[in-house]
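Structure data (PDB, C-alpha atoms) from query.pdb:
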```pdb
ATOM      1  CA  MET E  15     -24.416  -9.578   1.265
ATOM      2  CA  ASN E  16     -23.288  -8.129   4.592
ATOM      3  CA  THR E  17     -21.730  -4.733   5.099
ATOM      4  CA  LEU E  18     -18.113  -5.910   5.138
ATOM      5  CA  GLU E  19     -18.426  -7.870   1.903
ATOM      6  CA  PHE E  20     -20.092  -4.918   0.233
ATOM      7  CA  LEU E  21     -17.331  -2.675   1.570
ATOM      8  CA  VAL E  22     -14.615  -4.914   0.098
ATOM      9  CA  LEU E  23     -16.318  -4.776  -3.286
ATOM     10  CA  ALA E  24     -16.810  -1.003  -3.087
ATOM     11  CA  CYS E  25     -13.173  -0.460  -2.120
ATOM     12  CA  ALA E  26     -12.043  -2.687  -5.002
ATOM     13  CA  LEU E  27     -14.074  -0.568  -7.430
ATOM     14  CA  ALA E  28     -12.828   2.646  -5.810
ATOM     15  CA  THR E  29      -9.255   1.459  -6.323
ATOM     16  CA  TYR E  30      -9.977   0.424  -9.892
ATOM     17  CA  VAL E  31     -11.193   3.932 -10.783
ATOM     18  CA  TRP E  32      -7.562   5.109 -10.958
ATOM     19  CA  ARG E  33      -6.233   1.922 -12.518
ATOM     20  CA  GLY E  34      -8.857   1.847 -15.274
ATOM     21  CA  LEU E  35      -8.658   5.584 -15.892
ATOM     22  CA  GLY E  36      -4.881   5.404 -16.173
ATOM     23  CA  ALA E  37      -5.025   2.467 -18.595
ATOM     24  CA  ALA E  38      -7.694   4.191 -20.695
ATOM     25  CA  ILE E  39      -6.002   7.567 -21.081
ATOM     26  CA  SER E  40      -2.343   6.458 -21.018
ATOM     27  CA  GLY E  41      -0.387   7.695 -23.998
ATOM     28  CA  ARG E  42      -2.530  10.830 -24.244
ATOM     29  CA  VAL E  43      -2.053  12.371 -20.794
ATOM     30  CA  ARG E  44       1.138  12.883 -18.838
ATOM     31  CA  ALA E  45       1.316  12.450 -15.077
ATOM     32  CA  GLU E  46       2.345  16.014 -14.326
ATOM     33  CA  GLY E  47       0.912  19.278 -13.099
ATOM     34  CA  PRO E  48      -0.503  20.776  -9.902
ATOM     35  CA  LEU E  49      -3.428  18.347  -9.660
ATOM     36  CA  PHE E  50      -1.122  15.314  -9.689
ATOM     37  CA  THR E  51       1.212  16.915  -7.158
ATOM     38  CA  TRP E  52      -1.709  17.645  -4.811
ATOM     39  CA  LEU E  53      -3.205  14.149  -5.264
ATOM     40  CA  GLY E  54       0.181  12.650  -4.478
ATOM     41  CA  CYS E  55       0.431  14.805  -1.339
ATOM     42  CA  VAL E  56      -3.032  13.720  -0.155
ATOM     43  CA  ALA E  57      -2.299  10.030  -0.804
ATOM     44  CA  TYR E  58       1.025  10.130   1.038
ATOM     45  CA  ALA E  59      -0.373  12.196   3.928
ATOM     46  CA  MET E  60      -3.273   9.810   4.366
ATOM     47  CA  LEU E  61      -1.013   6.764   4.571
ATOM     48  CA  ALA E  62       1.476   8.503   6.853
ATOM     49  CA  GLY E  63      -1.429   9.560   9.059
ATOM     50  CA  LEU E  64      -2.762   6.012   9.270
ATOM     51  CA  VAL E  65       0.623   4.440  10.006
ATOM     52  CA  ALA E  66       1.422   7.125  12.602
ATOM     53  CA  ARG E  67      -1.961   6.541  14.226
ATOM     54  CA  ILE E  68      -1.421   2.754  14.335
ATOM     55  CA  VAL E  69       1.953   3.302  16.019
ATOM     56  CA  VAL E  70       0.733   5.992  18.449
ATOM     57  CA  MET E  71      -2.826   4.768  19.132
ATOM     58  CA  PRO E  72      -3.257   1.183  17.861
ATOM     59  CA  LEU E  73      -6.422  -0.890  17.888
ATOM     60  CA  GLY E  74      -6.596  -4.601  18.680
ATOM     61  CA  THR E  75      -3.520  -6.740  19.262
ATOM     62  CA  LEU E  76      -0.984  -3.911  19.519
ATOM     63  CA  GLU E  77      -2.905  -2.290  22.391
ATOM     64  CA  ALA E  78      -1.011  -4.731  24.631
ATOM     65  CA  THR E  79       2.235  -2.874  23.900
ATOM     66  CA  THR E  80       3.371   0.518  25.190
ATOM     67  CA  LEU E  81       4.014   3.571  23.046
ATOM     68  CA  TRP E  82       7.751   3.347  23.725
ATOM     69  CA  GLN E  83       7.886  -0.290  22.656
ATOM     70  CA  ARG E  84       6.206   0.572  19.351
ATOM     71  CA  LEU E  85       8.393   3.625  18.769
ATOM     72  CA  GLY E  86      11.499   1.593  19.661
ATOM     73  CA  ALA E  87      10.542  -1.196  17.271
ATOM     74  CA  ALA E  88       9.858   1.361  14.531
ATOM     75  CA  ALA E  89      13.317   2.844  15.132
ATOM     76  CA  VAL E  90      14.905  -0.625  14.882
ATOM     77  CA  ALA E  91      13.056  -1.289  11.602
ATOM     78  CA  LEU E  92      14.230   2.056  10.212
ATOM     79  CA  ALA E  93      17.821   1.433  11.319
ATOM     80  CA  ALA E  94      17.850  -2.054   9.764
ATOM     81  CA  TYR E  95      16.408  -0.672   6.541
ATOM     82  CA  PHE E  96      18.413   2.519   6.094
ATOM     83  CA  LEU E  97      21.623   1.905   8.056
ATOM     84  CA  LEU E  98      22.373  -1.826   8.286
ATOM     85  CA  THR E  99      21.191  -2.854   4.806
ATOM     86  CA  ARG E 100      20.870  -0.860   1.637
ATOM     87  CA  LYS E 101      17.120  -0.477   1.834
ATOM     88  CA  ASN E 102      16.395  -4.200   2.139
ATOM     89  CA  LEU E 103      12.659  -4.073   2.791
ATOM     90  CA  PHE E 104      12.376  -7.702   3.876
ATOM     91  CA  VAL E 105      15.148  -7.410   6.494
ATOM     92  CA  GLY E 106      13.742  -4.104   7.752
ATOM     93  CA  VAL E 107      10.195  -5.409   8.174
ATOM     94  CA  ILE E 108      11.310  -8.622   9.913
ATOM     95  CA  ALA E 109      13.640  -6.600  12.184
ATOM     96  CA  GLY E 110      10.651  -4.457  13.204
ATOM     97  CA  GLY E 111       8.575  -7.533  14.040
ATOM     98  CA  LEU E 112      11.378  -9.110  16.087
ATOM     99  CA  ALA E 113      12.133  -5.805  17.822
ATOM    100  CA  ILE E 114       8.627  -5.311  19.156
ATOM    101  CA  ILE E 115       8.683  -8.871  20.542
ATOM    102  CA  GLY E 116      12.077  -8.230  22.148
ATOM    103  CA  LEU E 117      11.047  -4.872  23.617
ATOM    104  CA  HIS E 118       7.807  -6.338  24.927
ATOM    105  CA  LEU E 119       9.777  -9.064  26.717
ATOM    106  CA  LEU E 120      12.067  -6.576  28.482
TER
ATOM    107  CA  MET R  28       5.127 -15.079 -18.752
ATOM    108  CA  LEU R  29       7.144 -17.792 -17.007
ATOM    109  CA  GLN R  30      10.110 -15.461 -16.932
ATOM    110  CA  GLY R  31       8.057 -12.877 -15.044
ATOM    111  CA  ALA R  32       6.680 -15.512 -12.691
ATOM    112  CA  ARG R  33      10.191 -16.727 -11.895
ATOM    113  CA  GLU R  34      11.419 -13.220 -11.154
ATOM    114  CA  ALA R  35       8.514 -12.604  -8.775
ATOM    115  CA  ALA R  36       9.156 -15.795  -6.806
ATOM    116  CA  GLY R  37      12.026 -14.410  -4.772
ATOM    117  CA  VAL R  38      12.614 -11.217  -2.864
ATOM    118  CA  PRO R  39       9.495  -9.437  -4.269
ATOM    119  CA  ALA R  40       7.210 -12.265  -3.100
ATOM    120  CA  ALA R  41       9.040 -12.563   0.247
ATOM    121  CA  VAL R  42       8.476  -8.871   1.004
ATOM    122  CA  LEU R  43       4.809  -9.112   0.071
ATOM    123  CA  VAL R  44       4.438 -12.246   2.182
ATOM    124  CA  ALA R  45       5.842 -10.395   5.208
ATOM    125  CA  GLY R  46       3.440  -7.492   4.674
ATOM    126  CA  TYR R  47       0.364  -9.608   3.983
ATOM    127  CA  THR R  48       1.035 -12.079   6.817
ATOM    128  CA  GLY R  49       0.948  -9.041   9.080
ATOM    129  CA  PHE R  50      -2.222  -7.797   7.421
ATOM    130  CA  GLY R  51      -3.903 -11.195   7.887
ATOM    131  CA  ALA R  52      -2.927 -11.266  11.564
ATOM    132  CA  LEU R  53      -4.068  -7.656  12.035
ATOM    133  CA  ALA R  54      -7.483  -8.405  10.505
ATOM    134  CA  ALA R  55      -7.816 -11.506  12.677
ATOM    135  CA  GLY R  56      -6.990  -9.365  15.707
ATOM    136  CA  HIS R  57      -9.872  -7.059  14.754
ATOM    137  CA  GLY R  58     -12.199 -10.060  14.600
ATOM    138  CA  LEU R  59     -13.056  -9.831  10.886
ATOM    139  CA  PRO R  60     -14.140 -12.954   8.921
ATOM    140  CA  LEU R  61     -11.445 -14.666   6.813
ATOM    141  CA  PRO R  62     -13.289 -14.831   3.441
ATOM    142  CA  ALA R  63     -13.775 -11.059   3.318
ATOM    143  CA  VAL R  64     -10.170 -10.464   4.393
ATOM    144  CA  VAL R  65      -8.732 -12.722   1.664
ATOM    145  CA  ALA R  66     -11.193 -11.304  -0.858
ATOM    146  CA  SER R  67      -9.798  -7.852  -0.094
ATOM    147  CA  THR R  68      -6.285  -9.025  -1.022
ATOM    148  CA  VAL R  69      -7.421 -10.505  -4.332
ATOM    149  CA  ALA R  70     -10.002  -7.875  -5.321
ATOM    150  CA  VAL R  71      -8.661  -4.620  -3.858
ATOM    151  CA  TRP R  72      -4.997  -5.618  -4.291
ATOM    152  CA  ALA R  73      -3.667  -2.469  -2.643
ATOM    153  CA  LEU R  74      -2.434  -2.969   0.909
ATOM    154  CA  PRO R  75      -2.896   0.690   1.970
ATOM    155  CA  ALA R  76      -6.537   0.634   0.872
ATOM    156  CA  GLN R  77      -6.962  -2.726   2.648
ATOM    157  CA  LEU R  78      -5.398  -1.356   5.822
ATOM    158  CA  ILE R  79      -7.797   1.600   5.637
ATOM    159  CA  LEU R  80     -10.714  -0.760   5.006
ATOM    160  CA  VAL R  81      -9.894  -2.926   8.020
ATOM    161  CA  GLU R  82      -9.086  -0.079  10.419
ATOM    162  CA  MET R  83     -12.045   2.103   9.441
ATOM    163  CA  HIS R  84     -14.495  -0.800   9.465
ATOM    164  CA  THR R  85     -13.297  -1.623  12.989
ATOM    165  CA  VAL R  86     -13.995   1.887  14.300
ATOM    166  CA  GLY R  87     -17.413   1.816  12.609
ATOM    167  CA  ALA R  88     -16.665   4.508  10.048
ATOM    168  CA  PRO R  89     -19.437   5.448   7.579
ATOM    169  CA  LEU R  90     -19.285   3.421   4.376
ATOM    170  CA  LEU R  91     -18.840   6.498   2.214
ATOM    171  CA  ALA R  92     -15.895   7.749   4.295
ATOM    172  CA  THR R  93     -14.145   4.373   4.005
ATOM    173  CA  VAL R  94     -14.646   4.066   0.264
ATOM    174  CA  LEU R  95     -13.530   7.665  -0.272
ATOM    175  CA  ALA R  96     -10.411   7.119   1.847
ATOM    176  CA  ALA R  97      -9.606   3.875   0.017
ATOM    177  CA  MET R  98     -10.055   5.687  -3.273
ATOM    178  CA  LEU R  99      -7.830   8.621  -2.344
ATOM    179  CA  SER R 100      -5.175   6.274  -0.948
ATOM    180  CA  SER R 101      -5.069   4.578  -4.355
ATOM    181  CA  ALA R 102      -4.584   7.746  -6.394
ATOM    182  CA  ARG R 103      -0.983   6.672  -6.921
ATOM    183  CA  PHE R 104      -2.255   4.090  -9.448
ATOM    184  CA  LEU R 105      -3.068   6.842 -11.927
ATOM    185  CA  PRO R 106       0.504   8.081 -12.488
ATOM    186  CA  MET R 107       1.702   4.460 -12.235
ATOM    187  CA  THR R 108      -0.577   3.193 -15.017
ATOM    188  CA  LEU R 109       0.049   6.337 -17.072
ATOM    189  CA  THR R 110       3.783   5.621 -17.106
ATOM    190  CA  LEU R 111       3.652   1.831 -17.351
ATOM    191  CA  MET R 112       0.941   1.174 -19.956
ATOM    192  CA  PRO R 113       2.682   2.869 -22.901
ATOM    193  CA  MET R 114       5.718   0.628 -22.268
ATOM    194  CA  MET R 115       3.565  -2.510 -22.541
ATOM    195  CA  ARG R 116       1.690  -1.527 -25.702
ATOM    196  CA  HIS R 117       2.094  -3.786 -28.710
ATOM    197  CA  SER R 118      -0.115  -4.465 -31.737
ATOM    198  CA  ARG R 119      -0.376  -8.143 -30.760
ATOM    199  CA  HIS R 120      -2.261  -7.377 -27.532
ATOM    200  CA  ARG R 121      -5.947  -6.583 -27.192
ATOM    201  CA  GLY R 122      -7.392  -3.570 -25.433
ATOM    202  CA  TRP R 123      -9.014  -5.490 -22.570
ATOM    203  CA  GLN R 124      -5.679  -7.018 -21.639
ATOM    204  CA  TYR R 125      -4.456  -3.587 -20.524
ATOM    205  CA  LEU R 126      -7.547  -3.160 -18.357
ATOM    206  CA  VAL R 127      -6.791  -6.508 -16.690
ATOM    207  CA  ALA R 128      -3.136  -5.550 -16.284
ATOM    208  CA  ALA R 129      -4.255  -2.339 -14.557
ATOM    209  CA  GLN R 130      -6.109  -4.386 -11.921
ATOM    210  CA  LEU R 131      -3.004  -6.548 -11.314
ATOM    211  CA  LEU R 132      -0.747  -3.532 -10.843
ATOM    212  CA  SER R 133       0.793  -2.862  -7.452
ATOM    213  CA  LEU R 134       3.704  -0.806  -6.210
ATOM    214  CA  THR R 135       5.985  -3.871  -6.309
ATOM    215  CA  GLY R 136       4.952  -4.859  -9.834
ATOM    216  CA  TRP R 137       5.251  -1.307 -11.104
ATOM    217  CA  ALA R 138       8.716  -0.730  -9.655
ATOM    218  CA  MET R 139      10.024  -4.072 -10.954
ATOM    219  CA  ALA R 140       8.470  -3.608 -14.392
ATOM    220  CA  MET R 141       9.871  -0.091 -14.788
ATOM    221  CA  ALA R 142      13.306  -1.444 -13.923
ATOM    222  CA  ARG R 143      13.132  -4.589 -16.110
ATOM    223  CA  PHE R 144      11.262  -3.410 -19.228
ATOM    224  CA  PRO R 145      14.244  -1.797 -20.965
ATOM    225  CA  ASP R 146      15.788  -5.310 -21.165
ATOM    226  CA  ILE R 147      12.586  -7.053 -22.328
ATOM    227  CA  ALA R 148      11.301  -6.943 -25.925
ATOM    228  CA  PRO R 149       8.104  -4.796 -26.154
ATOM    229  CA  ALA R 150       5.935  -7.737 -27.304
ATOM    230  CA  ARG R 151       6.977  -9.786 -24.263
ATOM    231  CA  ARG R 152       6.448  -7.139 -21.609
ATOM    232  CA  LEU R 153       2.715  -7.673 -21.036
ATOM    233  CA  PRO R 154       3.066 -11.487 -20.631
ATOM    234  CA  TRP R 155       6.028 -10.897 -18.313
ATOM    235  CA  PHE R 156       3.895  -8.507 -16.278
ATOM    236  CA  PHE R 157       1.019 -11.011 -16.029
ATOM    237  CA  GLY R 158       3.397 -13.727 -14.825
ATOM    238  CA  PHE R 159       5.058 -11.455 -12.299
ATOM    239  CA  THR R 160       1.912  -9.957 -10.812
ATOM    240  CA  LEU R 161      -0.075 -13.213 -10.673
ATOM    241  CA  VAL R 162       2.665 -14.825  -8.578
ATOM    242  CA  CYS R 163       2.675 -11.737  -6.338
ATOM    243  CA  ILE R 164      -1.107 -11.900  -5.830
ATOM    244  CA  ALA R 165      -1.111 -15.662  -5.211
ATOM    245  CA  ALA R 166       1.701 -15.376  -2.660
ATOM    246  CA  SER R 167      -0.029 -12.440  -0.946
ATOM    247  CA  ALA R 168      -3.395 -14.212  -0.780
ATOM    248  CA  ALA R 169      -1.720 -17.290   0.722
ATOM    249  CA  ALA R 170       0.148 -15.080   3.216
ATOM    250  CA  THR R 171      -3.121 -13.363   4.205
ATOM    251  CA  VAL R 172      -4.666 -16.757   4.998
ATOM    252  CA  ILE R 173      -1.568 -17.910   6.890
ATOM    253  CA  GLY R 174      -1.336 -14.682   8.903
ATOM    254  CA  TYR R 175      -5.019 -14.897   9.763
ATOM    255  CA  ALA R 176      -4.898 -18.603  10.607
ATOM    256  CA  VAL R 177      -1.822 -18.513  12.815
ATOM    257  CA  ALA R 178      -2.898 -15.327  14.626
ATOM    258  CA  ASP R 179      -5.190 -17.369  16.870
ATOM    259  CA  ALA R 180      -2.887 -20.358  17.217
ATOM    260  CA  ILE R 181       0.275 -18.571  18.314
ATOM    261  CA  THR R 182       1.202 -16.995  21.634
ATOM    262  CA  PRO R 183       0.115 -13.371  22.181
ATOM    263  CA  LEU R 184       3.770 -12.352  22.070
ATOM    264  CA  ILE R 185       4.438 -13.761  18.574
ATOM    265  CA  LYS R 186       1.131 -12.295  17.435
ATOM    266  CA  ILE R 187       2.290  -8.838  18.447
ATOM    267  CA  GLY R 188       5.382  -9.296  16.263
ATOM    268  CA  LEU R 189       3.258 -10.511  13.355
ATOM    269  CA  VAL R 190       0.718  -7.693  13.569
ATOM    270  CA  PHE R 191       3.506  -5.121  13.732
ATOM    271  CA  LEU R 192       4.798  -6.291  10.308
ATOM    272  CA  ALA R 193       2.095  -4.405   8.409
ATOM    273  CA  PRO R 194       2.738  -0.922   9.873
ATOM    274  CA  ALA R 195       6.515  -1.571   9.746
ATOM    275  CA  TYR R 196       6.184  -2.440   6.049
ATOM    276  CA  TYR R 197       4.464   0.868   5.341
ATOM    277  CA  LEU R 198       6.736   2.896   7.540
ATOM    278  CA  LEU R 199       9.723   1.696   5.498
ATOM    279  CA  ILE R 200       8.067   1.863   2.075
ATOM    280  CA  LEU R 201       6.834   5.399   2.725
ATOM    281  CA  LEU R 202      10.100   6.749   4.103
ATOM    282  CA  GLY R 203      12.106   4.796   1.529
ATOM    283  CA  SER R 204      10.139   6.369  -1.318
ATOM    284  CA  VAL R 205      11.088   9.939  -0.418
ATOM    285  CA  ARG R 206      12.811  11.375  -3.462
ATOM    286  CA  GLU R 207      10.982  14.668  -3.787
ATOM    287  CA  ARG R 208      10.307  17.441  -1.341
ATOM    288  CA  ALA R 209       6.540  17.077  -1.875
ATOM    289  CA  THR R 210       6.654  13.476  -0.595
ATOM    290  CA  ALA R 211       8.657  14.407   2.497
ATOM    291  CA  TYR R 212       6.320  17.303   3.355
ATOM    292  CA  ALA R 213       3.219  15.170   2.805
ATOM    293  CA  LEU R 214       4.533  12.361   5.039
ATOM    294  CA  ALA R 215       5.445  14.785   7.828
ATOM    295  CA  CYS R 216       2.142  16.677   7.713
ATOM    296  CA  GLY R 217       0.138  13.450   7.453
ATOM    297  CA  ALA R 218       1.982  11.787  10.352
ATOM    298  CA  VAL R 219       1.099  14.735  12.612
ATOM    299  CA  ALA R 220      -2.460  15.114  11.308
ATOM    300  CA  GLY R 221      -3.325  11.383  11.537
ATOM    301  CA  PRO R 222      -3.244  10.910  15.339
ATOM    302  CA  ILE R 223      -4.698  14.396  15.999
ATOM    303  CA  ALA R 224      -7.642  13.771  13.673
ATOM    304  CA  PHE R 225      -8.166  10.358  15.278
ATOM    305  CA  VAL R 226      -8.629  11.943  18.717
ATOM    306  CA  TYR R 227     -11.383  14.269  17.492
ATOM    307  CA  ALA R 228     -13.089  12.248  14.750
ATOM    308  CA  PRO R 229     -11.904   8.603  14.688
ATOM    309  CA  GLN R 230     -14.347   7.580  11.963
ATOM    310  CA  TRP R 231     -13.273  10.305   9.549
ATOM    311  CA  SER R 232      -9.663  10.635  10.694
ATOM    312  CA  VAL R 233      -7.961   8.903   7.756
ATOM    313  CA  LEU R 234      -9.761  11.101   5.261
ATOM    314  CA  ILE R 235      -9.308  14.301   7.267
ATOM    315  CA  ALA R 236      -5.615  13.625   7.883
ATOM    316  CA  GLY R 237      -5.050  12.984   4.187
ATOM    317  CA  LEU R 238      -6.926  16.007   2.890
ATOM    318  CA  ALA R 239      -5.722  18.429   5.586
ATOM    319  CA  GLY R 240      -2.151  17.118   5.836
ATOM    320  CA  GLY R 241      -1.799  16.687   2.076
ATOM    321  CA  THR R 242      -3.178  20.123   1.264
ATOM    322  CA  LEU R 243      -1.008  21.748   3.932
ATOM    323  CA  ALA R 244       2.059  19.974   2.518
ATOM    324  CA  TYR R 245       1.095  21.157  -0.966
ATOM    325  CA  LEU R 246       0.707  24.765   0.193
ATOM    326  CA  LEU R 247       4.051  24.651   2.023
ATOM    327  CA  LEU R 248       5.824  23.739  -1.227
ATOM    328  CA  PRO R 249       7.647  26.507  -3.071
ATOM    329  CA  ILE R 250       5.514  27.669  -6.021
ATOM    330  CA  ARG R 251       7.895  26.212  -8.622
ATOM    331  CA  LEU R 252       7.497  22.692  -7.158
ATOM    332  CA  ARG R 253       3.698  22.679  -7.160
TER
END
```
Rewrite the structure of this file - the entire thing - as structure tokens.
Amino acid sequence: MNTLEFLVLACALATYVWRGLGAAISGRVRAEGPLFTWLGCVAYAMLAGLVARIVVMPLGTLEATTLWQRLGAAAVALAAYFLLTRKNLFVGVIAGGLAIIGLHLL
Amino acid sequence: MLQGAREAAGVPAAVLVAGYTGFGALAAGHGLPLPAVVASTVAVWALPAQLILVEMHTVGAPLLATVLAAMLSSARFLPMTLTLMPMMRHSRHRGWQYLVAAQLLSLTGWAMAMARFPDIAPARRLPWFFGFTLVCIAASAAATVIGYAVADAITPLIKIGLVFLAPAYYLLILLGSVRERATAYALACGAVAGPIAFVYAPQWSVLIAGLAGGTLAYLLLPIRLR
């Protein structure tokens, strides 16, 4: 088994830790308290950090675009999601994809 | 079960397809092999953890750092299962079925189930959930393959649009989920910490940004909200 395959398996198990734990103790423990608040903060911060990094300093395909094109496309996605539709995720995501193509063509 | 499957095959599946097509294209752009990429959709079944896996593997991050980051990014499953499982309990079901259901859980399935369960009889909720989530996983796995396959066949321009779908998906989901001050603080602190950490320690940046940004956000909260 190569490293990547092992990594996929390890990440699946790492994800299942929370799923299995939650299923096992549900009904006895409530999802409240400082520990849950902090865990939630860490999880959200980590994702926000990753998404911000992909937009600001991408790897791979998106390296062909400029920072302003990515920021512009992100703004279009946000506008389509929050302003044009009532939080229609599908429309927002597609708008973002089309916007970066359009901005890259300019 | 069929009822749940039918309800998934619509907007929920379409949104997942958009996200996972982007993920497939992104992974192809990083030069990763298709079997492992599809396996991550089916086995990990958490797009944030998969995004972390793909990005950190590409920068050559240590295995432990990647697994730890994937684990922390999935902490949301604990409160999700804690709230959802009691609603699905029924004497007709067996214990292992809940453990399987926990693996099938995703943000989409959780949100839909929480919204629909009040209208579904308790005994039917678990089958409904299986039907709903299995369609979601099947659609996402297919989208991963399609995104990966077309990434090489299409023009570089279209590929850029496709790859941008995954970060756009998360940008909107994250900002759209802000209901509490803790979430808003955590997103802001994380968004600043992520790129900064990447400059100094690319291989550990996801983990550092999460722990530092998340803890800072937590400390910034008024005591009564902690």
Convert the output of the PyMOL selection byres ((chain R and resi 169) around 12) on the shown file into explicit residues, formatted as a PyMOL selection string.
chain R and resi 40-41+43-48+50-51+61+64-66+68-69+162-168+170-176
Selection export as a CSV table (one decimal), keeping the file's coordinate frame, atoms kept: C-alpha atoms:
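Final output, saved to out_8.csv:
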```csv
chain,number,residue,atom,x,y,z
R,40,ALA,CA,7.2,-12.3,-3.1
R,41,ALA,CA,9.0,-12.6,0.2
R,43,LEU,CA,4.8,-9.1,0.1
R,44,VAL,CA,4.4,-12.2,2.2
R,45,ALA,CA,5.8,-10.4,5.2
R,46,GLY,CA,3.4,-7.5,4.7
R,47,TYR,CA,0.4,-9.6,4.0
R,48,THR,CA,1.0,-12.1,6.8
R,50,PHE,CA,-2.2,-7.8,7.4
R,51,GLY,CA,-3.9,-11.2,7.9
R,61,LEU,CA,-11.4,-14.7,6.8
R,64,VAL,CA,-10.2,-10.5,4.4
R,65,VAL,CA,-8.7,-12.7,1.7
R,66,ALA,CA,-11.2,-11.3,-0.9
R,68,THR,CA,-6.3,-9.0,-1.0
R,69,VAL,CA,-7.4,-10.5,-4.3
R,162,VAL,CA,2.7,-14.8,-8.6
R,163,CYS,CA,2.7,-11.7,-6.3
R,164,ILE,CA,-1.1,-11.9,-5.8
R,165,ALA,CA,-1.1,-15.7,-5.2
R,166,ALA,CA,1.7,-15.4,-2.7
R,167,SER,CA,0.0,-12.4,-0.9
R,168,ALA,CA,-3.4,-14.2,-0.8
R,170,ALA,CA,0.1,-15.1,3.2
R,171,THR,CA,-3.1,-13.4,4.2
R,172,VAL,CA,-4.7,-16.8,5.0
R,173,ILE,CA,-1.6,-17.9,6.9
R,174,GLY,CA,-1.3,-14.7,8.9
R,175,TYR,CA,-5.0,-14.9,9.8
R,176,ALA,CA,-4.9,-18.6,10.6
```
Non-local contacts of segment 16-29 of chain E (12 Å; only C-alpha atoms; under 2 positions in same chain excluded) as a count of residues only:
58
Pick from E:Phe50, E:Ala37, E:Lys101, E:His118: nearest to Thr79 of chain E, with only C-alpha atoms counted?
E:His118
Target residues per the PyMOL selection byres ((chain R and resi 204) around 12), formatted as a PyMOL selection string
(chain E and resi 58+96+101+103) or (chain R and resi 134+138+197-203+205-211+213-214)
Using the chain letters and numbers from the file, which residues does the PyMOL selection byres ((chain E and resi 104-110) around 7) grab, as a PyMOL selection string?
(chain E and resi 87-88+90-92+94-95+102-103+111-114) or (chain R and resi 41-42+192+195-196)
Within 8 Å of segment 68-74 of chain E using only C-alpha atoms, minus same-chain residues under 5 positions, as a ChimeraX atom specification
/E:81,84-85 /R:53,56-57,82,194,222
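Near Leu153 of chain R, within a cut-off of 9 Å and counting all atoms listed in the file, sit the residues Met28, Met114, Met115, Arg116, His117, His120, Gln124, Tyr125 and Ala128 of chain R, with same-chain residues fewer than 6 positions away left out.
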Could you add N, CA and C atoms to segment 109-120 of chain E and give me the result as a PDB file, keeping the file's coordinate frame?
```pdb
ATOM      1  N   ALA E 109      12.959  -7.186  11.026  1.00  0.00           N
ATOM      2  CA  ALA E 109      13.640  -6.600  12.184  1.00  0.00           C
ATOM      3  C   ALA E 109      12.629  -5.870  13.066  1.00  0.00           C
ATOM      4  N   GLY E 110      11.687  -5.160  12.449  1.00  0.00           N
ATOM      5  CA  GLY E 110      10.651  -4.457  13.204  1.00  0.00           C
ATOM      6  C   GLY E 110       9.786  -5.422  14.007  1.00  0.00           C
ATOM      7  N   GLY E 111       9.395  -6.528  13.369  1.00  0.00           N
ATOM      8  CA  GLY E 111       8.575  -7.533  14.040  1.00  0.00           C
ATOM      9  C   GLY E 111       9.299  -8.169  15.216  1.00  0.00           C
ATOM     10  N   LEU E 112      10.592  -8.504  15.009  1.00  0.00           N
ATOM     11  CA  LEU E 112      11.378  -9.110  16.087  1.00  0.00           C
ATOM     12  C   LEU E 112      11.619  -8.095  17.207  1.00  0.00           C
ATOM     13  N   ALA E 113      11.825  -6.831  16.820  1.00  0.00           N
ATOM     14  CA  ALA E 113      12.133  -5.805  17.822  1.00  0.00           C
ATOM     15  C   ALA E 113      10.970  -5.582  18.778  1.00  0.00           C
ATOM     16  N   ILE E 114       9.752  -5.580  18.250  1.00  0.00           N
ATOM     17  CA  ILE E 114       8.627  -5.311  19.156  1.00  0.00           C
ATOM     18  C   ILE E 114       8.433  -6.491  20.108  1.00  0.00           C
ATOM     19  N   ILE E 115       8.737  -7.701  19.643  1.00  0.00           N
ATOM     20  CA  ILE E 115       8.683  -8.871  20.542  1.00  0.00           C
ATOM     21  C   ILE E 115       9.747  -8.728  21.625  1.00  0.00           C
ATOM     22  N   GLY E 116      10.973  -8.383  21.194  1.00  0.00           N
ATOM     23  CA  GLY E 116      12.077  -8.230  22.148  1.00  0.00           C
ATOM     24  C   GLY E 116      11.792  -7.147  23.173  1.00  0.00           C
ATOM     25  N   LEU E 117      11.313  -5.999  22.709  1.00  0.00           N
ATOM     26  CA  LEU E 117      11.047  -4.872  23.617  1.00  0.00           C
ATOM     27  C   LEU E 117       9.902  -5.195  24.572  1.00  0.00           C
ATOM     28  N   HIS E 118       8.937  -5.984  24.080  1.00  0.00           N
ATOM     29  CA  HIS E 118       7.807  -6.338  24.927  1.00  0.00           C
ATOM     30  C   HIS E 118       8.230  -7.317  26.027  1.00  0.00           C
ATOM     31  N   LEU E 119       9.266  -8.095  25.734  1.00  0.00           N
ATOM     32  CA  LEU E 119       9.777  -9.064  26.717  1.00  0.00           C
ATOM     33  C   LEU E 119      10.571  -8.387  27.828  1.00  0.00           C
ATOM     34  N   LEU E 120      11.177  -7.247  27.507  1.00  0.00           N
ATOM     35  CA  LEU E 120      12.067  -6.576  28.482  1.00  0.00           C
ATOM     36  C   LEU E 120      11.334  -6.217  29.779  1.00  0.00           C
TER      37      LEU E 120
END
```
